[in-house]
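Novice: To start, I am sharing the structure in question, which I have written as structure tokens.
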Amino acid sequence: MSPIDLLHQRVQVFPNLGKLKRDYKPALATVMNRGHDITVKWKGNAGKININGTHYELSQCHWHSPSEHTFNGSRFDLELHIIHLSSSGEIAVVAITYEYGRPDPFLTKLFEHIKSVNHEEKDLGIINPGIIKFGSRKYYRYIGSLTVPPCTEGVIWTIVKKVRTVSREQVHALRKIVHDGFEVNARPTQQLDGRSVWMYTPKQGT
């Protein structure tokens with residue numbers, strides 16, 4: 001189950017995971033308020049990521065505030081989930097966490113749309129997912145579930161190690177428009193139950 005606490009003592013460094021290969025490209029996208037989150041969905045071919053030789057096509061992304069995953073018990077101000085699907089329907093999610101600081105460039109581009117979005121899909125035109133900055137090649141990897149219903153199991157999670165920055169105004173806009181009766185839309189951390197958590201760190205000179 002997901003999310004989990006990425007406790008340093010539990011993490012196994014595993015260089016053989018290899019760097020996360022991203023091949024994103026601009027495509028038509030829409031934005032929608034799903035009630036529990038704001039979701040950007042790509043309608044065309046927006047590219048893919050490659051994990052262990054399997055291609056996972058970019059599908060959509062959405063935000064949780066505060067972060068769902070925690071690092072050594074610390075929860076951050078925002079978490080972005082980027083959802084990818086393989087041709088056989090397997091799910092791979094890339095998660096990026098944020099703390100208050102400079103505005104996030106991806107949210108800056110979408111800001112006016114997000115402030116006015118409702119429960120119907122709104123066209124955004126061409127959106128380049130490459131605007132989403134990862135900022136680090138280091139990442140955590142584990143097998144978990146989706147954190148929103150139906151909480152599908154067997155999801156490959158990749159959590160970027162670097163914590164990026166987002167402005168308070170951007171987080172406030174995401175929270176304000178979500179009418180779920182709560183100021184937060186983050187699921188509590190779940191038990192690891194013996195599952196492995198790996199960390200990829202590039203070898204020196206690569």
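Just remember, in the structure tokens the first chain shown is A, the second B, etc., residues are 1-based per chain, and ligands are 1-based in the order shown.
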Considering only C-alpha atoms, return as a ChimeraX atom specification whatever protein or nucleic-acid residues lie within 8 Å of A:Gln170, sequence-local ones (same chain, fewer than 3 positions apart) excluded.
Specialist: /A:103,107-108,111,166-167,173-174
Novice: Within 10 Å of A:Val160, counting only C-alpha atoms, which residues show up once you throw out same-chain ones fewer than 4 positions away? Write them as number ranges by chain, please.
Specialist: A: 20, 94-97, 134-141, 164, 199-200
Novice: For the residues selected in the previous step, produce a file with C-alpha atoms as a short mmCIF file (atom, residue, chain, number, x, y, z; two decimals), in the first residue's frame.
Specialist:
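Everything below was put into again32.cif:
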data_model
loop_
_atom_site.label_atom_id
_atom_site.label_comp_id
_atom_site.auth_asym_id
_atom_site.auth_seq_id
_atom_site.Cartn_x
_atom_site.Cartn_y
_atom_site.Cartn_z
CA LEU A 20 15.21 7.04 -14.92
CA VAL A 94 6.82 9.31 -10.51
CA ALA A 95 6.42 11.45 -7.38
CA ILE A 96 8.08 14.80 -6.66
CA THR A 97 7.84 16.53 -3.28
CA PHE A 134 13.00 16.54 -11.45
CA GLY A 135 16.18 18.25 -10.27
CA SER A 136 18.00 15.07 -9.26
CA ARG A 137 18.90 11.70 -10.74
CA LYS A 138 18.69 10.11 -7.29
CA TYR A 139 15.40 8.39 -6.54
CA TYR A 140 13.64 5.88 -4.30
CA ARG A 141 11.82 2.87 -5.78
CA ARG A 164 11.87 21.04 -4.95
CA MET A 199 17.54 4.04 -3.72
CA TYR A 200 19.31 4.76 -6.98
#
Novice: Skip stretch 154-159 of chain A itself and residues of its chain fewer than 2 positions away, then list as a ChimeraX atom specification all residues within 10 Å of it, counting only C-alpha atoms.
Specialist: /A:1-3,6,20,51,69,79-85,90-97,134,138-146,151-152,161-163,197-200
Novice: Using only C-alpha atoms, find the one residue out of A:Ser65, A:Val11, A:Glu57, A:Met32 that sits nearest to A:Leu192.
Specialist: A:Val11
Novice: Quick one, how far is atom CA of A:Glu112 from atom CA of A:Ile38?
Specialist: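 Separating atom CA of A:Glu112 from atom CA of A:Ile38 is a distance of 13.0 Å.
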Novice: I'd like the contact shell of A:Asn128 - 10 Å cut-off, only C-alpha atoms, skipping same-chain residues fewer than 4 positions apart - returned as a ChimeraX atom specification.
Specialist: /A:24-29,42,46-47,106,132
